[in-house]
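Here's the structure we're looking at; comments come further down.
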Amino acid sequence: MSDNQTPDLFGQTPSQTVGPFFHYGLPWKGGADLVGQSDMGARPDLIPEGHYLLNLSASKGPVAGEVIEIRGRVLDGDGQPIPDAMLEIWQANAAGRYASPDDAREDIPLDPNFIGFGRASTSADGEYRFRTIKPGRTPGPGNSLQAPHIAVGVLGRGLIKRLCTRLYFEDGEGNGDDPILALVPQTRRHTLIAQKIDGGYRFDVVLQGERETVFFDV
Amino acid sequence: MDVIGYHHEDAGQPPSLSPGYASTVARSPREALIGIPHTLTEVTGPAGVWDQLMGPSRADLTRQQKGEPLGQRIVISGRVLDEAGRPVPNTVIEIWQCNAAGRYIHRRDQWDAPLDPNFTGAGLVVTDAAGAYEFTTIKPGAYPWGNHYNAWRPAHIHLSMLGPAFATRLVTQLYFPDDPLIEIDPIANAVPLPYRQRMVARFDIASTRPNWALGYLFDIVLRGRDATPFEGARS
């Protein structure tokens with residue numbers, strides 16, 4: 001029979017949901033803390049004693065940039081908080097460089113203490129929290145410059161494939177000229193803008209309905 | 001700055017709204033996704049830092065507790081490839097599954113099947129230079145769920161891949177050949193045939209360990225890269 005081991009059917013492996021029981025497989029301790037060493041992001045409370053094996057992420061030295069906390073809720077089409085979702089983020093460092101071999105701009109410094117990838121499961125109340133730094137601006141298509149932003153992936157029970165969005169900052173430099181925000185109808189742009197709160201920013205992710213977050217075909 | 005983007009989804013990717021899987025109804029967007037050109041953000045991703053993030057590899061799920069778990073011991077091996085068949089080296093695969101009786105080591109799993117104190121069911125492997133990976137586990141059981149009357153999930157292993165870029169991230173489920181539950185499972189069936197077959201592993205006598213474990217092959221294919229840079233000036 002044809003499968004991905006035969007040339008006639010070979011192609012992208014289809015996406016499937018993470019289901020409701022991913023908490024001992026994916027969100028490691030500290031996954032949501034991109035600047036320090038804490039257990040943010042994990043839900044070991046859902047796993048019996050002795051069976052939560054995911055590591056605490058490695059300790060880091062001081063990270064350059066403005067440390068911020070991002071928090072919010074993940075909500076479904078009925079406005080109900082989602083307790084079995086998980087967010088992943090990917091961002092540039094404070095200087096605007098991605099810690100990736102595919103960002104070869106050597107004139108912009110890497111931060112040896114900053115990777116820029118994070119993962120946070122939602123709490124019983126559907127809330128998530130990341131501690132990170134505000135990213136710098138990065139190049140967009142052509143000669144354009146992107147405003148500071150964080151790529152966000154949403155996974156969870158009932159999400160058969162990841163939903164992708166972006167978080168921009170209410171006070172971010174260049175939001176008005178951002179080449180990706182410009183592709184979003186004016187009336188929906190606000191769903192991508194994190195609001196300033198004490199100590200950081202608030203960013204809710206609404207999967208469906210009147211305040212539905214803009215998701216991108218990435 | 002123009003970058004070389006990744007291919008978009010092919011016809012085998014499921015829609016977010018798959019009403020047969022009831023939880024998708026209130027959790028899938030109603031607005032159309034907005035297409036964007038890939039920028040540096042989408043074509044980059046963490047690389048080679050898995051130890052600092054999720055920790056060291058855990059390739060043998062049968063040796064994580066005091067004793068050996070119950071169930072059929074199996075070895076899953078294969079490669080992570082892009083759509084052109086090129087290996088994806090040094091990329092992380094995170095693994096989780098239920099035990100041989102079909103029960104997850106998770107407080108929210110209330111199904112009345114026994115937990116196995118010797119089985120956690122969480123692993124992590126990193127592909128080698130040729131994109132190859134391998135892990136040892138036990139064959140997971142089928143289990144009932146509340147989606148509809150007499151709903152049973154086929155035996156499956158959850159696999160999570162990051163690949164080289166934000167755009168290549170993939171979570172899938174590996175199914176086993178000749179499982180009659182696959183064709184009546186709404187989650188597997190969100191993927192149309194023949195593409196559903198891409199999620200089915202193949203029994204393999206060559207990788208079966210004599211007097212030890214049955215072998216299954218499972219190649220994982222991530223989105224590949226376009227040939228030429230996206231040209232912003234023409235968009």
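Each chain in the structure tokens gets a letter, A, B and so on, in the order shown; residues start at 1 in every chain, and ligands are counted from 1 in the order they appear.
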Practice problem: Report as a PyMOL selection string the set of chain A residues whose atoms approach chain B to within 6 Å, with distances computed over only C-alpha atoms. | Solution: chain A and resi 3-4+11-16+25+28+46-47+51+55+57-58+76-77+100+102+139-143+158+160+207-208+215-217
Practice problem: Looking only at strand (DSSP E or B) from DSSP on the backbone, list the matching residues of region 78-158 of chain A as a VMD selection string. | Solution: chain A and resid 81 85 to 90 117 to 121 127 to 133 138 to 139 145 to 146 149 to 156
Quiz prompt | Å distance separating CA of Gly61 (chain A) from CA of His149 (chain A), one decimal place | solution =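 We find that CA of Gly61 (chain A) and CA of His149 (chain A) lie 23.3 Å from each other.
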Self-check item: Surrounding residues of Arg73 (chain A) excluding itself and chain neighbours under 2 positions, 8 Å, only C-alpha atoms, as a PyMOL selection string
Solution: chain A and resi 71+75+81-82+122+125-128+203-205
Exercise. Quick one: everything within 7 Å of Tyr133 (chain B), counting only C-alpha atoms, minus sequence neighbours fewer than 3 positions away in the same chain. Send it as a PyMOL selection string.
Key: chain B and resi 77-79+125-128
Exercise. Record the distance separating CA of Gly50 (chain A) and CA of Lys66 (chain B), expressed in Å with one decimal.
Key: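 CA of Lys66 (chain B) lies 10.6 Å from CA of Gly50 (chain A).
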Exercise. Enumerate the residues of chain B with a DSSP assignment of alpha helix (DSSP H), computed from the backbone, and present them as a list in words.
Key: Leu40, Thr41, Glu42 and Val43 of chain B
